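The file run-v4.txt contains compact mmCIF, C-alpha atoms:
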```txt
# COMPACT_ATOMS: atom_id res chain seq x y z
CA MET A 1 84.18 78.43 103.42
CA ASN A 2 81.38 80.91 104.19
CA ILE A 3 79.86 82.40 101.03
CA LEU A 4 77.49 85.34 100.63
CA MET A 5 75.63 85.02 97.32
CA ILE A 6 73.77 88.17 96.27
CA GLU A 7 71.60 86.99 93.39
CA ASP A 8 68.02 87.93 92.48
CA ASN A 9 67.36 84.76 90.47
CA GLU A 10 66.11 82.24 93.02
CA SER A 11 66.50 79.28 90.67
CA VAL A 12 70.20 80.09 90.24
CA SER A 13 70.60 80.36 94.02
CA GLU A 14 68.79 77.06 94.60
CA MET A 15 70.98 75.34 92.02
CA MET A 16 74.19 76.71 93.53
CA GLN A 17 73.07 75.83 97.06
CA MET A 18 73.24 72.13 96.12
CA PHE A 19 76.75 72.53 94.75
CA PHE A 20 77.89 74.53 97.77
CA LEU A 21 76.53 71.88 100.12
CA ASN A 22 78.33 69.21 98.11
CA GLU A 23 81.59 71.09 98.74
CA GLY A 24 80.81 71.38 102.44
CA TRP A 25 80.51 75.18 102.25
CA GLU A 26 78.13 77.41 104.20
CA ALA A 27 76.14 79.84 102.05
CA THR A 28 73.76 82.73 102.72
CA PHE A 29 71.55 83.96 99.88
CA LYS A 30 70.22 87.48 99.43
CA TYR A 31 67.95 88.41 96.52
CA ASP A 32 68.20 92.18 96.78
CA GLY A 33 71.21 94.49 96.51
CA LYS A 34 70.55 96.46 99.67
CA GLU A 35 69.77 93.32 101.68
CA GLY A 36 73.02 91.77 100.49
CA LEU A 37 75.02 94.84 101.47
CA ASP A 38 73.31 94.97 104.87
CA ALA A 39 74.17 91.30 105.45
CA PHE A 40 77.80 92.03 104.70
CA LYS A 41 77.85 95.10 106.93
CA GLU A 42 76.56 93.09 109.91
CA ASP A 43 79.82 91.12 110.09
CA PRO A 44 82.38 91.85 107.34
CA GLU A 45 84.87 89.39 108.84
CA LYS A 46 82.41 86.51 108.55
CA TRP A 47 82.60 86.07 104.80
CA ASP A 48 85.26 84.16 102.86
CA MET A 49 83.76 84.85 99.44
CA ILE A 50 81.15 87.11 97.81
CA THR A 51 79.36 86.25 94.58
CA LEU A 52 77.61 89.36 93.32
CA ASP A 53 75.06 89.62 90.52
CA LEU A 54 75.33 92.76 88.41
CA ASN A 55 71.60 93.34 87.91
CA LEU A 56 69.88 93.57 91.29
CA PRO A 57 66.73 95.25 92.62
CA SER A 58 66.95 98.26 94.95
CA MET A 59 70.72 98.66 94.52
CA ASP A 60 72.80 97.87 91.43
CA GLY A 61 75.55 95.28 91.82
CA MET A 62 78.20 97.84 90.86
CA GLU A 63 77.14 100.07 93.74
CA VAL A 64 76.99 97.14 96.15
CA GLY A 65 80.51 96.14 95.13
CA ARG A 66 81.87 99.64 95.66
CA GLU A 67 80.31 99.81 99.12
CA ILE A 68 81.71 96.40 100.06
CA ARG A 69 85.18 97.51 98.93
CA LYS A 70 84.93 100.55 101.21
CA LEU A 71 84.45 98.17 104.13
CA SER A 72 86.93 95.49 103.05
CA SER A 73 89.74 95.61 100.52
CA THR A 74 90.48 91.91 100.98
CA VAL A 75 87.25 89.90 100.78
CA PRO A 76 87.24 88.07 97.40
CA ILE A 77 84.42 89.13 95.05
CA ILE A 78 83.25 87.24 91.97
CA MET A 79 80.83 89.21 89.83
CA LEU A 80 78.02 87.34 88.06
CA THR A 81 76.58 89.10 85.04
CA ALA A 82 74.19 88.38 82.20
CA ARG A 83 75.83 91.19 80.28
CA ASP A 84 78.45 90.01 77.82
CA SER A 85 79.94 93.32 76.80
CA GLU A 86 83.58 94.00 77.52
CA SER A 87 82.83 97.43 78.99
CA ASP A 88 80.52 96.02 81.68
CA GLN A 89 83.09 93.41 82.65
CA VAL A 90 85.92 95.92 82.79
CA ILE A 91 83.82 98.32 84.88
CA GLY A 92 83.01 95.48 87.26
CA LEU A 93 86.68 94.60 87.67
CA GLU A 94 87.58 98.25 88.16
CA MET A 95 84.82 98.48 90.79
CA GLY A 96 86.85 96.02 92.83
CA ALA A 97 85.70 92.56 91.74
CA ASP A 98 88.49 90.00 91.60
CA ASP A 99 86.90 87.96 88.83
CA TYR A 100 83.68 87.60 86.85
CA VAL A 101 81.54 84.81 85.41
CA THR A 102 79.12 85.49 82.57
CA LYS A 103 75.63 84.02 82.66
CA PRO A 104 74.50 81.47 81.72
CA PHE A 105 77.31 79.59 83.43
CA SER A 106 78.10 76.04 84.43
CA PRO A 107 77.93 75.55 88.20
CA LEU A 108 81.21 73.65 87.98
CA THR A 109 82.83 76.68 86.35
CA LEU A 110 81.73 78.93 89.22
CA ILE A 111 82.91 76.34 91.78
CA ALA A 112 86.31 76.20 90.05
CA ARG A 113 86.60 80.00 90.06
CA ILE A 114 85.66 80.15 93.76
CA LYS A 115 88.22 77.50 94.67
CA ALA A 116 90.96 79.22 92.68
CA LEU A 117 90.22 82.64 94.16
CA HIS A 118 90.01 81.20 97.67
CA ARG A 119 93.38 79.45 97.28
CA ARG A 120 94.99 82.71 96.23
CA SER A 121 93.37 84.53 99.16
CA GLU A 122 94.64 81.92 101.61
CA LEU A 123 98.12 82.08 100.09
CA ALA A 124 98.12 85.86 100.42
CA ASN A 125 97.22 85.53 104.10
CA GLU A 126 100.04 83.03 104.62
CA GLN A 127 102.50 85.34 102.88
CA GLN A 128 101.28 88.24 104.99
CA ASN A 129 101.76 86.27 108.21
CA GLY A 130 105.13 84.87 107.19
CA GLY A 131 106.55 87.70 105.13
CA ALA A 132 109.25 90.17 105.99
CA ALA A 133 108.89 92.00 109.27
CA GLU A 134 107.47 95.47 109.32
CA GLY A 135 110.18 97.91 108.29
CA THR A 136 111.90 95.38 106.02
CA PHE A 137 110.92 94.41 102.49
CA ASP A 138 110.51 91.24 100.46
CA ILE A 139 111.36 93.16 97.27
CA GLN A 140 113.60 96.21 97.29
CA THR A 141 115.33 98.10 94.49
CA GLN A 142 116.68 101.63 94.31
CA HIS A 143 113.22 102.92 93.42
CA PHE A 144 110.68 100.30 94.47
CA LYS A 145 109.88 98.10 97.47
CA MET A 146 107.14 95.74 98.65
CA ASN A 147 106.31 94.16 102.01
CA LEU A 148 104.13 91.02 101.95
CA LYS A 149 103.40 91.14 105.67
CA THR A 150 101.96 94.64 105.59
CA ARG A 151 100.75 94.36 101.96
CA GLU A 152 102.39 97.68 101.15
CA ALA A 153 104.17 98.84 98.00
CA TYR A 154 106.25 101.99 97.54
CA LEU A 155 107.64 103.79 94.49
CA GLU A 156 110.28 106.41 95.21
CA ASN A 157 109.31 106.05 98.90
CA GLN A 158 105.73 107.06 98.11
CA PRO A 159 103.05 104.51 99.04
CA ILE A 160 100.99 103.10 96.18
CA ASP A 161 97.64 103.41 97.91
CA GLY A 162 94.39 101.52 97.49
CA LEU A 163 95.72 98.31 95.96
CA THR A 164 93.17 95.51 95.93
CA PRO A 165 94.42 91.98 96.78
CA LYS A 166 94.62 91.02 93.11
CA GLU A 167 96.40 94.25 92.14
CA PHE A 168 98.96 93.69 94.88
CA ASP A 169 99.49 90.05 93.86
CA LEU A 170 99.79 91.04 90.21
CA LEU A 171 102.40 93.69 91.01
CA TYR A 172 104.32 91.33 93.29
CA THR A 173 104.34 88.52 90.72
CA MET A 174 105.94 90.75 88.11
CA ALA A 175 108.19 92.76 90.45
CA LYS A 176 109.90 89.70 91.92
CA LYS A 177 111.14 88.89 88.39
CA PRO A 178 111.96 92.34 86.96
CA ARG A 179 112.11 92.69 83.18
CA GLN A 180 110.75 89.18 82.67
CA VAL A 181 107.86 89.29 80.21
CA PHE A 182 104.68 87.53 81.35
CA THR A 183 101.95 86.54 78.94
CA ARG A 184 98.36 87.09 79.98
CA GLU A 185 97.92 83.33 80.20
CA GLN A 186 100.87 83.07 82.60
CA LEU A 187 99.49 85.85 84.80
CA LEU A 188 96.08 84.18 84.90
CA GLU A 189 97.70 80.98 86.09
CA LEU A 190 100.09 82.62 88.57
CA VAL A 191 97.82 85.28 90.05
CA TRP A 192 94.32 83.86 89.57
CA ASP A 193 95.42 80.22 89.86
CA TYR A 194 93.44 78.92 86.91
CA GLN A 195 94.46 78.09 83.39
CA TYR A 196 91.43 76.84 81.55
CA PHE A 197 88.61 79.08 82.72
CA GLY A 198 90.40 82.41 82.41
CA ASP A 199 89.65 85.43 80.28
CA GLU A 200 92.55 87.67 79.24
CA ARG A 201 90.38 90.76 79.75
CA THR A 202 90.58 90.05 83.49
CA VAL A 203 94.33 90.67 83.34
CA ASP A 204 94.03 93.76 81.14
CA ALA A 205 91.44 95.37 83.41
CA HIS A 206 93.57 94.83 86.51
CA ILE A 207 96.70 96.11 84.75
CA LYS A 208 94.83 99.26 83.73
CA LYS A 209 93.69 99.96 87.28
CA LEU A 210 97.10 99.10 88.73
CA ARG A 211 98.81 101.52 86.35
CA GLN A 212 96.44 104.31 87.34
CA LYS A 213 97.40 103.88 91.00
CA ILE A 214 101.13 103.69 90.22
CA GLU A 215 101.00 106.86 88.12
CA LYS A 216 99.62 108.81 91.07
CA VAL A 217 102.98 108.49 92.87
CA GLY A 218 105.64 108.19 90.16
CA PRO A 219 106.75 106.95 86.74
CA GLN A 220 105.10 103.91 85.21
CA VAL A 221 106.90 100.65 86.03
CA ILE A 222 104.45 98.23 84.36
CA GLN A 223 105.37 98.04 80.69
CA THR A 224 103.47 96.52 77.77
CA VAL A 225 105.43 94.24 75.48
CA TRP A 226 103.26 94.37 72.38
CA GLY A 227 102.09 91.02 71.10
CA VAL A 228 103.39 89.22 74.20
CA GLY A 229 102.23 90.61 77.55
CA TYR A 230 103.55 92.71 80.44
CA LYS A 231 106.67 93.19 82.52
CA PHE A 232 107.88 95.13 85.57
CA ASP A 233 110.79 97.44 84.84
CA ASP A 234 111.80 100.35 87.09
CA SER A 235 115.05 101.09 85.25
CA GLY A 236 113.40 104.03 83.52
CA VAL A 237 112.77 105.82 86.80
CA ASP A 238 116.25 107.36 86.61
CA LYS A 239 115.51 108.98 83.26
```
Could you render the structure from this file as structure tokens?
Amino acid sequence: MNILMIEDNESVSEMMQMFFLNEGWEATFKYDGKEGLDAFKEDPEKWDMITLDLNLPSMDGMEVGREIRKLSSTVPIIMLTARDSESDQVIGLEMGADDYVTKPFSPLTLIARIKALHRRSELANEQQNGGAAEGTFDIQTQHFKMNLKTREAYLENQPIDGLTPKEFDLLYTMAKKPRQVFTREQLLELVWDYQYFGDERTVDAHIKKLRQKIEKVGPQVIQTVWGVGYKFDDSGVDK
């Protein structure tokens, strides 16, 4: 794995470098927001994972993340933040981060998050390469359809644009079992591939953003089941 770590705390970078080397991963460290973004721009296809600090000199981590997402909707991003407020974490996820880790953190926790996110990214690539051919769909109902190969989703034949990898995977996980209720814990395990390090706010933030994109093209098909979790249900589209 080739990791770009954008982190202004050199002691954190030095600590993580030892753990990355132990895993056999290549890592490049940038201590400034603009320098990190420039490194990504030089070769966006080079990187398998981005870890991005929220508080950076010259360019805030939120802005760096938005710029990276303009260049790549698929590169996995884990946000590192010393801020422990829910609003900062939600904003970071809405910016396009796939996950976040709050400082101070255990290096083993970050390694576990990276491995889980990388596994999901690799699985998504395998599904894309082996999914239904272009023009056919892996999921298709009267109102909704999804194609894993092209990573496209449609509601009432209108494309649901701008889905991040995690938003697409979240939608696919629920849509392939319509009307089944998923708890947040189940979605963390199925979509993020970890059970013990997860935070339910990660799911809620992605659901919120996913719903906003769905509502741009048609009725809402992601329903809240209060006290339990979420489900996909497009039966109300006829109403």
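Counting only C-alpha atoms and comparing A:Glu7, A:Glu35, A:Asp98, A:Glu215, the residue that lies closest to A:Asp169 is A:Asp98.
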| Pick from A:Trp192, A:Ser73, A:Leu80, A:Phe40 nearest to A:Phe105, counting only C-alpha atoms |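 Ranking A:Trp192, A:Ser73, A:Leu80, A:Phe40 by distance to A:Phe105, first place goes to A:Leu80.
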Test item: residues at most 9 Å from A:Lys46, all atoms listed in the file, excluding those fewer than 3 positions along its chain, as a PDB file with C-alpha atoms, in the frame of the given file:
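Saved to result-v3.pdb:
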```pdb
ATOM      1  CA  ASN A   2      81.380  80.910 104.190  1.00  0.00           C
ATOM      2  CA  ILE A   3      79.860  82.400 101.030  1.00  0.00           C
ATOM      3  CA  PHE A  40      77.800  92.030 104.700  1.00  0.00           C
ATOM      4  CA  GLU A  42      76.560  93.090 109.910  1.00  0.00           C
ATOM      5  CA  ASP A  43      79.820  91.120 110.090  1.00  0.00           C
TER       6      ASP A  43
END
```
| query | Separation of atom CA of A:Asp32 and atom CA of A:Arg201, in Å? | reply |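 A separation of 28.0 Å between them.
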| field | Using only C-alpha atoms: which of A:Gly218, A:Arg119, A:Tyr100, A:Met174 has the shortest distance to A:His143 | value | A:Gly218
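The space between atom CA of A:Lys231 and atom CA of A:Phe144 spans 14.5 Å.
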| In Å to one decimal, how far is atom CA of A:Thr28 from atom CA of A:Met95? |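 Separation of atom CA of A:Met95 and atom CA of A:Thr28: 22.6 Å.
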So for stretch 182-185 of chain A, what box centre and size do we get, axis-aligned, 8 Å extra on each of the six sides, every listed atom, Å to one decimal, as AutoDock Vina command-line options?
```
--center_x 101.3 --center_y 85.4 --center_z 80.1 --size_x 22.8 --size_y 20.2 --size_z 18.4
```
| task | With a distance cut-off of 10 Å and only C-alpha atoms, select the neighbouring residues of A:Phe137, excluding the residue or stretch itself and same-chain residues fewer than 5 positions from it, and output the selection as a ChimeraX atom specification. | result | /A:131-132,144-150,152-153
| Which protein, DNA or RNA residues are at most 8 Å from (85.9, 87.4, 84.6) in the file's coordinates when you count only C-alpha atoms, listed as a list in words? |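 Protein and nucleic acid residues near the point are Ile78, Met79, Gln89, Leu93, Asp98, Asp99, Tyr100, Val101, Thr102, Gly198, Asp199, Arg201 and Thr202 of chain A.
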| message | Restricting the calculation to all atoms listed in the file: of A:Asp234, A:Met1, A:Ala27, A:His206, which residue gets closest to A:His118? | response |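 Answer, going by the shortest atom-to-atom distance: A:Met1.
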| request: Measuring atom to atom with only C-alpha atoms, identify which of A:Ile139, A:Leu155, A:Ala205, A:Ile6 is nearest to A:Gly96. | output: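 Ranking A:Ile139, A:Leu155, A:Ala205, A:Ile6 by distance to A:Gly96, first place goes to A:Ala205.
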| task | Give the answer as one residue: which of A:Leu171, A:Ile111, A:Val237, A:Val181 has the shortest atom-to-atom distance to A:Trp25, using only C-alpha atoms? | result | A:Ile111
Find the spatial neighbours of A:Lys41, counting all atoms listed in the file, within a cut-off of 12 Å - ignore same-chain residues fewer than 2 positions away - and output them as a CSV table (one decimal) with C-alpha atoms, keeping the file's coordinate frame.
```
chain,number,residue,atom,x,y,z
A,4,LEU,CA,77.5,85.3,100.6
A,34,LYS,CA,70.6,96.5,99.7
A,35,GLU,CA,69.8,93.3,101.7
A,36,GLY,CA,73.0,91.8,100.5
A,37,LEU,CA,75.0,94.8,101.5
A,38,ASP,CA,73.3,95.0,104.9
A,39,ALA,CA,74.2,91.3,105.4
A,43,ASP,CA,79.8,91.1,110.1
A,44,PRO,CA,82.4,91.8,107.3
A,45,GLU,CA,84.9,89.4,108.8
A,46,LYS,CA,82.4,86.5,108.6
A,47,TRP,CA,82.6,86.1,104.8
A,64,VAL,CA,77.0,97.1,96.2
A,67,GLU,CA,80.3,99.8,99.1
A,68,ILE,CA,81.7,96.4,100.1
A,69,ARG,CA,85.2,97.5,98.9
A,70,LYS,CA,84.9,100.6,101.2
A,71,LEU,CA,84.4,98.2,104.1
A,72,SER,CA,86.9,95.5,103.0
```
| query | What residues have an atom no more than 10 Å from (99.7, 99.5, 90.9) in the file's own frame, counting all atoms listed in the file, and can you write them as a VMD selection string? | reply | chain A and resid 153 to 155 160 to 164 167 to 172 206 to 217 220 to 222
Just so I have it separately, write stretch 222-233 of chain A from the block I sent, keeping all heavy atoms, as a CSV table (one decimal), in the first residue's frame.
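Saved file part.csv follows:
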```
chain,number,residue,atom,x,y,z
A,222,ILE,N,-34.3,6.0,1.4
A,222,ILE,CA,-33.6,5.5,2.6
A,222,ILE,C,-34.4,6.0,3.8
A,222,ILE,O,-34.6,7.2,4.0
A,222,ILE,CB,-32.2,6.1,2.7
A,222,ILE,CG1,-31.3,5.8,1.5
A,222,ILE,CG2,-31.5,5.6,4.0
A,222,ILE,CD1,-31.1,4.3,1.3
A,223,GLN,N,-35.0,5.0,4.5
A,223,GLN,CA,-35.9,5.3,5.6
A,223,GLN,C,-35.3,5.1,6.9
A,223,GLN,O,-34.5,4.1,7.1
A,223,GLN,CB,-37.2,4.5,5.5
A,223,GLN,CG,-37.9,4.5,4.1
A,223,GLN,CD,-38.4,5.9,3.7
A,223,GLN,OE1,-38.7,6.7,4.6
A,223,GLN,NE2,-38.4,6.2,2.4
A,224,THR,N,-35.6,5.9,7.9
A,224,THR,CA,-35.2,5.7,9.3
A,224,THR,C,-36.2,4.9,10.0
A,224,THR,O,-37.4,5.1,9.9
A,224,THR,CB,-35.0,7.0,10.0
A,224,THR,OG1,-34.0,7.8,9.4
A,224,THR,CG2,-34.6,6.8,11.5
A,225,VAL,N,-35.7,3.8,10.7
A,225,VAL,CA,-36.6,3.0,11.6
A,225,VAL,C,-36.2,3.4,13.0
A,225,VAL,O,-35.1,3.0,13.5
A,225,VAL,CB,-36.4,1.5,11.3
A,225,VAL,CG1,-37.3,0.7,12.3
A,225,VAL,CG2,-36.7,1.2,9.9
A,226,TRP,N,-37.0,4.2,13.6
A,226,TRP,CA,-36.6,4.9,14.9
A,226,TRP,C,-36.2,3.9,15.9
A,226,TRP,O,-37.0,2.9,16.1
A,226,TRP,CB,-37.6,5.8,15.4
A,226,TRP,CG,-37.8,7.0,14.4
A,226,TRP,CD1,-38.9,7.2,13.6
A,226,TRP,CD2,-36.9,8.1,14.2
A,226,TRP,NE1,-38.7,8.3,12.8
A,226,TRP,CE2,-37.5,8.9,13.2
A,226,TRP,CE3,-35.7,8.4,14.7
A,226,TRP,CZ2,-36.9,10.0,12.7
A,226,TRP,CZ3,-35.1,9.6,14.3
A,226,TRP,CH2,-35.7,10.4,13.3
A,227,GLY,N,-35.1,4.1,16.6
A,227,GLY,CA,-34.7,3.2,17.7
A,227,GLY,C,-34.0,1.9,17.2
A,227,GLY,O,-33.5,1.1,18.0
A,228,VAL,N,-33.9,1.7,15.8
A,228,VAL,CA,-33.3,0.6,15.3
A,228,VAL,C,-32.1,0.9,14.3
A,228,VAL,O,-31.0,0.6,14.5
A,228,VAL,CB,-34.3,-0.4,14.6
A,228,VAL,CG1,-33.6,-1.7,14.1
A,228,VAL,CG2,-35.4,-0.7,15.5
A,229,GLY,N,-32.5,1.6,13.2
A,229,GLY,CA,-31.5,1.9,12.2
A,229,GLY,C,-32.1,2.4,10.9
A,229,GLY,O,-33.0,3.2,10.9
A,230,TYR,N,-31.7,1.8,9.8
A,230,TYR,CA,-32.1,2.3,8.4
A,230,TYR,C,-32.5,1.2,7.5
A,230,TYR,O,-32.0,0.0,7.7
A,230,TYR,CB,-31.0,3.1,7.8
A,230,TYR,CG,-30.5,4.3,8.6
A,230,TYR,CD1,-29.3,4.3,9.3
A,230,TYR,CD2,-31.2,5.5,8.6
A,230,TYR,CE1,-28.9,5.4,10.1
A,230,TYR,CE2,-30.8,6.6,9.3
A,230,TYR,CZ,-29.6,6.5,10.1
A,230,TYR,OH,-29.2,7.6,10.8
A,231,LYS,N,-33.3,1.5,6.5
A,231,LYS,CA,-33.6,0.5,5.5
A,231,LYS,C,-33.8,1.2,4.1
A,231,LYS,O,-34.1,2.4,4.1
A,231,LYS,CB,-34.9,-0.2,5.9
A,231,LYS,CG,-36.2,0.6,5.9
A,231,LYS,CD,-37.4,-0.2,6.2
A,231,LYS,CE,-38.7,0.6,6.1
A,231,LYS,NZ,-39.9,-0.2,6.4
A,232,PHE,N,-33.7,0.4,3.1
A,232,PHE,CA,-34.0,0.9,1.7
A,232,PHE,C,-35.4,0.4,1.4
A,232,PHE,O,-35.7,-0.8,1.6
A,232,PHE,CB,-33.0,0.3,0.7
A,232,PHE,CG,-33.3,0.6,-0.7
A,232,PHE,CD1,-32.8,1.7,-1.4
A,232,PHE,CD2,-34.2,-0.3,-1.4
A,232,PHE,CE1,-33.1,2.0,-2.7
A,232,PHE,CE2,-34.5,0.0,-2.7
A,232,PHE,CZ,-34.0,1.2,-3.4
A,233,ASP,N,-36.2,1.3,0.9
A,233,ASP,CA,-37.6,1.0,0.6
A,233,ASP,C,-38.1,2.0,-0.5
A,233,ASP,O,-38.3,3.1,-0.2
A,233,ASP,CB,-38.5,1.0,1.8
A,233,ASP,CG,-39.9,0.5,1.5
A,233,ASP,OD1,-40.2,0.2,0.3
A,233,ASP,OD2,-40.7,0.5,2.4
```
